[in-house]
Amino acid sequence: MRFKNNAAKFAMTVSAAALVASAATASSHREAPGITEQPKVDASDFYMFRSYEPGREDYVTFIANYIPLQAPYGGPNYFTMDPDAIYEIHIDNDGDAVEDVTFQFDFKNELANDGGGIALQIGDATVAIPLRTAGPLTGAASDPLNEIESYTVTHIAGDRRSGTATPVTGTGGEASFSKPIDNIGEKTIPDYEAYANAKIQTISIPGCEIPGKVFVGQRAEAFAVNLGEVFDLVNLVPLEGSITNDRANDDLVDRFNVTSLALEVPISCVTGEGNGVIGAWTTASLPQGNVEDPSPTYAATSVYGGAYVQQSRLSAPLVNEVVIGLPDKDLFNAAEPTQDGALATYVTNPTLPALIDILFREPLGATSNIAPSNLPRTDLVTAFLTGFPGVNQQATVTASEMMRLNTAIPATARADQSAFGVVAEDLAGFPNGRRPGDDTVDIALRVVMGALCHPLPLGAELGIEGAVEDTDSDMINLGLCAPEDAPVGNAPFIDGAPISAAELQNVFPYLNTPLPGATN
């Protein structure tokens with residue numbers, strides 16, 4: 001049996017101190033040893049941005065992606081969510097690094113025919129079929145769907161385990177929503193876009209007078225990265241001109257799918273009494289106790305019980321892969337943002353720039369260390385742990401690894417977005433939140449190598465606190481460090497795998513329709 005009810009949702013305890021993180025060069029795909037054993041609760045990307053779909057400017061969109069590296073043809077079971085886990089999106093609206101609002105997703109997987117599944121008469125025996133569907137699907141109630149995935153969303157005000165929990169409901173008052181089956185192929189689901197779009201739900205959010213939207217389902221991967229080359233000791237010279245920006249360099253987009261938990265919430269319902277800047281992150285947790293059943297059934301392969309223990313945590317891209325040291329990666333996944341001061345050395349004294357120096361000092365033509373010398377790295381602390389004063393810093397500043405978004409900064413229309421976000425004077429982009437079309441790999445490479453130490457084309461009129469206008473240009477120096485601290489800080493670092501908002505949808509849930517397992 002499973003101990004998964006309101007009475008059994010005890011407070012999660014984490015005995016270990018947590019870590020902090022900084023910019024990095026890929027997303028959280030299999031980023032820690034422990035999470036490789038639990039792929040269903042592995043968070044791969046987290047997006048948070050003011051909605052730029054026309055007419056939805058007063059909303060903020062959250063997208064938490066799970067189960068990375070989904071091969072479109074990965075059947076026959078494909079990629080259901082874990083019904084023993086809970087998946088959460090946490091929002092801090094006052095700056096204390098503690099969640100004020102949590103949206104908790106809880107999944108239920110059932111076989112058709114009251115748990116018996118679809119069966120065929122084979123001779124004198126009735127035999128269950130081995131596939132998730134017995135025929136093509138259109139979304140109709142009569143579809144021959146053999147395995148049905150549904151989920152609930154709970155709004156929790158205050159602490160994620162002891163706060164006030166209230167169901168999020170649909171327009172008809174329903175508290176359970178349907179998750180579309182994965183994109184098996186064009187014969188199984190001839191029009192997957194229409195089939196999946198019908199699962200986008202308008203929702204009533206507790207304490208919020210304006211309705212929002214929710215969608216949970218498979219989407220095409222949107223994180224662009226030269227993944228294989230990056231992890232092969234950065235087997236490329238990461239500079240414009242040395243490698244061509246080309247989709248052929250991308251190991252994820254147009255090759256893999258993910259599962260997205262997408263929410264669109266009115267801004268007024270998440271900002272609280274803070275200064276309009278919100279911090280957010282996503283987590284997945286499993287019950288503490290797990291005993292394998294020697295006689296497993298579809299309904300239960302293990303016996304779970306006890307308090308929930310956090311297995312995965314993600315906000316800024318690739319925090320855990322190339323910044324956190326290998327001994328502490330699982331510890332970071334288990335931690336809460338309030339614990340992020342424990343090993344701040346990972347941010348203030350990062351190893352990634354030193355590794356880049358070891359690998360590329362000679363190819364870049366340098367005669368001395370190219371890693372930034374401003375230790376501790378206050379520029380990285382600002383960018384990823386505290387936010388920029390006057391841009392996305394909260395009223396109370398608690399150094400912690402959260403995605404931060406200034407909800408007062410207007411959304412940039414898709415056609416006008418820069419893939420380089422804030423450093424290209426598009427303040428609605430990364431690291432002020434993160435949009436699907438932000439090229440976070442290139443941004444992070446430049447920031448970690450000291451881009452913030454050099455004058456940036458932000459324009460003095462933007463009013464970033466502490467910034468000084470450069471007298472020789474129309475640019476500003478943020479005052480976090482000096483150009484001489486970062487000898488290659490103004491170099492155009494790239495990984496050769498570009499992305500842009502134009503490649504993605506302009507409507508909720510923004511990520512593209514997932515790749516089919518087969519085309520006909």
# chains A, B, ... in the order shown; residues from 1 in each chain; ligands from 1

$ residues_around --residues "Ile476 of chain A" --least-positions-apart "6" --cutoff "9 Å" --atoms "only C-alpha atoms" --output "JSON list (two decimals) with N, CA, C and O atoms, in the first residue's frame"
[["chain", "number", "residue", "atom", "x", "y", "z"],
["A", 454, "HIS", "N", 32.96, 44.01, -17.46],
["A", 454, "HIS", "CA", 33.19, 44.92, -18.58],
["A", 454, "HIS", "C", 31.94, 45.77, -18.82],
["A", 454, "HIS", "O", 30.83, 45.37, -18.47],
["A", 455, "PRO", "N", 32.11, 46.94, -19.43],
["A", 455, "PRO", "CA", 30.93, 47.75, -19.78],
["A", 455, "PRO", "C", 29.98, 46.97, -20.67],
["A", 455, "PRO", "O", 30.40, 46.24, -21.58],
["A", 456, "LEU", "N", 28.69, 47.12, -20.41],
["A", 456, "LEU", "CA", 27.67, 46.38, -21.14],
["A", 456, "LEU", "C", 26.74, 47.35, -21.85],
["A", 456, "LEU", "O", 26.48, 48.45, -21.37],
["A", 457, "PRO", "N", 26.16, 46.92, -22.98],
["A", 457, "PRO", "CA", 25.27, 47.81, -23.75],
["A", 457, "PRO", "C", 23.87, 47.86, -23.18],
["A", 457, "PRO", "O", 22.89, 47.58, -23.86],
["A", 458, "LEU", "N", 23.78, 48.21, -21.90],
["A", 458, "LEU", "CA", 22.48, 48.25, -21.25],
["A", 458, "LEU", "C", 21.83, 49.63, -21.33],
["A", 458, "LEU", "O", 20.62, 49.75, -21.21],
["A", 459, "GLY", "N", 22.63, 50.65, -21.50],
["A", 459, "GLY", "CA", 22.06, 52.00, -21.52],
["A", 459, "GLY", "C", 21.90, 52.53, -20.11],
["A", 459, "GLY", "O", 21.30, 51.89, -19.26],
["A", 460, "ALA", "N", 22.44, 53.69, -19.84],
["A", 460, "ALA", "CA", 22.41, 54.25, -18.49],
["A", 460, "ALA", "C", 20.99, 54.53, -18.01],
["A", 460, "ALA", "O", 20.71, 54.56, -16.81],
["A", 467, "ALA", "N", 25.36, 51.14, -10.98],
["A", 467, "ALA", "CA", 25.98, 51.18, -12.30],
["A", 467, "ALA", "C", 26.54, 52.57, -12.60],
["A", 467, "ALA", "O", 26.00, 53.59, -12.15],
["A", 468, "VAL", "N", 27.63, 52.60, -13.35],
["A", 468, "VAL", "CA", 28.28, 53.86, -13.71],
["A", 468, "VAL", "C", 28.37, 53.92, -15.24],
["A", 468, "VAL", "O", 28.81, 52.97, -15.88],
["A", 469, "GLU", "N", 27.94, 55.04, -15.80],
["A", 469, "GLU", "CA", 27.98, 55.18, -17.25],
["A", 469, "GLU", "C", 29.42, 55.29, -17.73],
["A", 469, "GLU", "O", 30.24, 56.01, -17.16],
["A", 470, "ASP", "N", 29.74, 54.52, -18.76],
["A", 470, "ASP", "CA", 31.08, 54.56, -19.34],
["A", 470, "ASP", "C", 31.20, 55.80, -20.21],
["A", 470, "ASP", "O", 30.40, 56.00, -21.15]]

$ residues_around --residues "Phe103 of chain A" --least-positions-apart "6" --cutoff "10 Å" --atoms "only C-alpha atoms" --output "PyMOL selection string"
chain A and resi 87-91+152-157+160+165-168+205+263+282

$ write_last_selection --atoms "N, CA and C atoms" --output "JSON list (two decimals), in the first residue's frame"
[["chain", "number", "residue", "atom", "x", "y", "z"],
["A", 87, "TYR", "N", 5.34, 16.66, -7.23],
["A", 87, "TYR", "CA", 6.12, 17.62, -8.00],
["A", 87, "TYR", "C", 5.61, 19.02, -7.64],
["A", 88, "GLU", "N", 6.54, 19.95, -7.40],
["A", 88, "GLU", "CA", 6.11, 21.24, -6.87],
["A", 88, "GLU", "C", 6.82, 22.41, -7.55],
["A", 89, "ILE", "N", 6.10, 23.52, -7.65],
["A", 89, "ILE", "CA", 6.66, 24.81, -8.05],
["A", 89, "ILE", "C", 6.48, 25.74, -6.86],
["A", 90, "HIS", "N", 7.60, 26.26, -6.34],
["A", 90, "HIS", "CA", 7.58, 27.10, -5.15],
["A", 90, "HIS", "C", 7.86, 28.55, -5.53],
["A", 91, "ILE", "N", 7.17, 29.47, -4.86],
["A", 91, "ILE", "CA", 7.33, 30.90, -5.13],
["A", 91, "ILE", "C", 7.58, 31.63, -3.82],
["A", 152, "THR", "N", -3.80, 16.06, -9.98],
["A", 152, "THR", "CA", -4.42, 17.15, -9.24],
["A", 152, "THR", "C", -3.37, 18.23, -9.00],
["A", 153, "VAL", "N", -3.83, 19.45, -8.81],
["A", 153, "VAL", "CA", -2.96, 20.56, -8.44],
["A", 153, "VAL", "C", -3.50, 21.15, -7.14],
["A", 154, "THR", "N", -2.62, 21.30, -6.17],
["A", 154, "THR", "CA", -3.00, 21.87, -4.88],
["A", 154, "THR", "C", -2.24, 23.17, -4.67],
["A", 155, "HIS", "N", -2.97, 24.20, -4.29],
["A", 155, "HIS", "CA", -2.37, 25.50, -3.94],
["A", 155, "HIS", "C", -2.10, 25.50, -2.44],
["A", 156, "ILE", "N", -0.83, 25.71, -2.07],
["A", 156, "ILE", "CA", -0.45, 25.71, -0.65],
["A", 156, "ILE", "C", 0.07, 27.10, -0.29],
["A", 157, "ALA", "N", -0.58, 27.74, 0.65],
["A", 157, "ALA", "CA", -0.15, 29.05, 1.15],
["A", 157, "ALA", "C", 0.71, 28.83, 2.38],
["A", 160, "ARG", "N", 5.40, 24.47, 2.57],
["A", 160, "ARG", "CA", 4.95, 23.45, 1.61],
["A", 160, "ARG", "C", 4.32, 22.23, 2.26],
["A", 165, "ALA", "N", -3.58, 24.12, 2.47],
["A", 165, "ALA", "CA", -3.66, 23.45, 1.18],
["A", 165, "ALA", "C", -5.10, 23.48, 0.67],
["A", 166, "THR", "N", -5.28, 23.96, -0.57],
["A", 166, "THR", "CA", -6.61, 24.07, -1.18],
["A", 166, "THR", "C", -6.53, 23.57, -2.62],
["A", 167, "PRO", "N", -7.47, 22.76, -3.06],
["A", 167, "PRO", "CA", -7.42, 22.26, -4.44],
["A", 167, "PRO", "C", -7.57, 23.38, -5.47],
["A", 168, "VAL", "N", -6.83, 23.26, -6.55],
["A", 168, "VAL", "CA", -7.03, 24.08, -7.74],
["A", 168, "VAL", "C", -8.07, 23.35, -8.59],
["A", 205, "ILE", "N", -7.83, 29.50, -9.12],
["A", 205, "ILE", "CA", -6.74, 29.42, -8.15],
["A", 205, "ILE", "C", -7.22, 30.00, -6.82],
["A", 263, "LEU", "N", 2.16, 26.27, -15.83],
["A", 263, "LEU", "CA", 1.14, 27.07, -15.15],
["A", 263, "LEU", "C", 1.19, 28.49, -15.66],
["A", 282, "THR", "N", 11.66, 24.63, -8.68],
["A", 282, "THR", "CA", 10.84, 23.44, -8.71],
["A", 282, "THR", "C", 11.54, 22.30, -7.98]]

$ closest_residue --among "A:Pro287, A:Gly75, A:Pro514, A:Pro266" --to "Cys208 of chain A" --atoms "only C-alpha atoms"
A:Pro266

$ closest_residue --among "A:Ala64, A:Val98, A:Leu252, A:Ala128" --to "Ala335 of chain A" --atoms "only C-alpha atoms"
A:Val98

$ select_by_dssp --residues "segment 134-294 of chain A" --states "helix (DSSP H, G or I)" --output "PyMOL selection string"
chain A and resi 192-197+227-231+247-249+267-269

$ residues_around --residues "Asp182 of chain A" --least-positions-apart "5" --cutoff "10 Å" --atoms "only C-alpha atoms" --output "JSON, numbers by chain"
{"A": [72, 73, 74, 75, 77, 78, 79, 80, 189, 192, 196, 217, 218, 219, 257, 258, 259, 514, 515, 516, 517]}

$ select_by_dssp --residues "segment 24-195 of chain A" --states "strand (DSSP E or B)" --output "MDAnalysis selection string"
chainID A and resid 43:50 59:70 86:92 101:111 119:122 125:128 133 145 147:157 164:167 169:170 177:178

$ closest_atom_pairs --of "segment 438-488 of chain A" --to "segment 367-387 of chain A" --cutoff "8 Å" --atoms "only C-alpha atoms" --output "JSON lines"
{"residue": "A:Val447", "atom": "CA", "partner": "A:Leu380", "partner_atom": "CA", "distance": 7.5}
{"residue": "A:Val448", "atom": "CA", "partner": "A:Leu380", "partner_atom": "CA", "distance": 7.1}
{"residue": "A:Met449", "atom": "CA", "partner": "A:Pro372", "partner_atom": "CA", "distance": 6.2}
{"residue": "A:Gly450", "atom": "CA", "partner": "A:Pro372", "partner_atom": "CA", "distance": 5.9}
{"residue": "A:Leu452", "atom": "CA", "partner": "A:Asp379", "partner_atom": "CA", "distance": 6.4}
{"residue": "A:Cys453", "atom": "CA", "partner": "A:Asp379", "partner_atom": "CA", "distance": 7.4}
{"residue": "A:Leu480", "atom": "CA", "partner": "A:Asp379", "partner_atom": "CA", "distance": 5.4}
{"residue": "A:Cys481", "atom": "CA", "partner": "A:Asn374", "partner_atom": "CA", "distance": 6.7}
{"residue": "A:Asp485", "atom": "CA", "partner": "A:Ser373", "partner_atom": "CA", "distance": 5.2}
{"residue": "A:Ala486", "atom": "CA", "partner": "A:Pro372", "partner_atom": "CA", "distance": 4.3}
{"residue": "A:Pro487", "atom": "CA", "partner": "A:Ile370", "partner_atom": "CA", "distance": 5.8}
{"residue": "A:Val488", "atom": "CA", "partner": "A:Ile370", "partner_atom": "CA", "distance": 6.2}

$ residues_around --residues "Tyr151 of chain A" --least-positions-apart "4" --cutoff "9 Å" --atoms "only C-alpha atoms" --output "number ranges by chain"
A: 83, 105-109, 175-179, 216

$ residues_around --residues "Ala248 of chain A" --least-positions-apart "5" --cutoff "10 Å" --atoms "only C-alpha atoms" --output "CSV table (one decimal) with N, CA and C atoms, in the first residue's frame"
chain,number,residue,atom,x,y,z
A,226,ASN,N,25.2,22.1,-27.0
A,226,ASN,CA,26.1,21.2,-27.7
A,226,ASN,C,26.6,20.2,-26.6
A,253,VAL,N,17.4,19.8,-28.9
A,253,VAL,CA,16.3,20.3,-29.7
A,253,VAL,C,16.2,19.5,-31.0
A,254,ASP,N,14.9,19.2,-31.3
A,254,ASP,CA,14.6,18.4,-32.5
A,254,ASP,C,15.1,16.9,-32.4
A,496,GLY,N,27.9,27.1,-29.9
A,496,GLY,CA,27.6,26.7,-31.2
A,496,GLY,C,26.2,26.1,-31.5
A,497,ALA,N,25.4,26.1,-30.4
A,497,ALA,CA,24.0,25.6,-30.5
A,497,ALA,C,23.0,26.7,-30.2
A,498,PRO,N,22.6,27.4,-31.2
A,498,PRO,CA,21.7,28.6,-30.9
A,498,PRO,C,20.2,28.2,-30.7

$ atom_distance --atom1 "atom CA of Ser500 of chain A" --atom2 "atom CA of Asn183 of chain A"
23.9 Å

$ closest_residue --among "A:Ala482, A:Ile63, A:Leu405, A:Leu120" --to "Val277 of chain A" --atoms "only C-alpha atoms"
A:Leu405

$ closest_residue --among "A:Gly135, A:Glu174, A:Ala424, A:Val391" --to "Ser150 of chain A" --atoms "only C-alpha atoms"
A:Glu174

$ residues_around --residues "Ser302 of chain A" --least-positions-apart "2" --cutoff "8 Å" --atoms "only C-alpha atoms" --output "PDB file with N, CA, C and O atoms, in the first residue's frame"
ATOM      1  N   MET A   1       0.839  -1.203   0.000  1.00  0.00           N
ATOM      2  CA  MET A   1       0.000   0.000   0.000  1.00  0.00           C
ATOM      3  C   MET A   1       0.865   1.241   0.000  1.00  0.00           C
ATOM      4  O   MET A   1       2.052   1.198   0.301  1.00  0.00           O
ATOM      5  N   ASN A 290      10.793   3.033   1.418  1.00  0.00           N
ATOM      6  CA  ASN A 290      10.537   2.327   0.176  1.00  0.00           C
ATOM      7  C   ASN A 290      10.976   0.882   0.333  1.00  0.00           C
ATOM      8  O   ASN A 290      12.151   0.595   0.533  1.00  0.00           O
ATOM      9  N   VAL A 291      10.030  -0.034   0.253  1.00  0.00           N
ATOM     10  CA  VAL A 291      10.325  -1.458   0.338  1.00  0.00           C
ATOM     11  C   VAL A 291       9.836  -2.117  -0.938  1.00  0.00           C
ATOM     12  O   VAL A 291       8.656  -2.018  -1.295  1.00  0.00           O
ATOM     13  N   GLU A 292      10.737  -2.788  -1.650  1.00  0.00           N
ATOM     14  CA  GLU A 292      10.370  -3.437  -2.904  1.00  0.00           C
ATOM     15  C   GLU A 292       9.445  -4.628  -2.635  1.00  0.00           C
ATOM     16  O   GLU A 292       9.663  -5.420  -1.714  1.00  0.00           O
ATOM     17  N   ASP A 293       8.391  -4.721  -3.454  1.00  0.00           N
ATOM     18  CA  ASP A 293       7.423  -5.800  -3.311  1.00  0.00           C
ATOM     19  C   ASP A 293       7.878  -6.996  -4.145  1.00  0.00           C
ATOM     20  O   ASP A 293       8.038  -6.887  -5.358  1.00  0.00           O
ATOM     21  N   PRO A 296       5.081  -7.821  -7.302  1.00  0.00           N
ATOM     22  CA  PRO A 296       4.550  -6.529  -7.723  1.00  0.00           C
ATOM     23  C   PRO A 296       3.319  -6.662  -8.611  1.00  0.00           C
ATOM     24  O   PRO A 296       3.132  -7.651  -9.319  1.00  0.00           O
ATOM     25  N   ALA A 300       1.061  -1.395  -7.673  1.00  0.00           N
ATOM     26  CA  ALA A 300       2.112  -1.177  -6.676  1.00  0.00           C
ATOM     27  C   ALA A 300       3.268  -2.123  -6.925  1.00  0.00           C
ATOM     28  O   ALA A 300       3.101  -3.349  -6.883  1.00  0.00           O
ATOM     29  N   TYR A 304       5.511   2.347  -0.183  1.00  0.00           N
ATOM     30  CA  TYR A 304       6.075   3.637   0.197  1.00  0.00           C
ATOM     31  C   TYR A 304       5.392   4.153   1.459  1.00  0.00           C
ATOM     32  O   TYR A 304       4.189   3.934   1.674  1.00  0.00           O
TER      33      TYR A 304
END
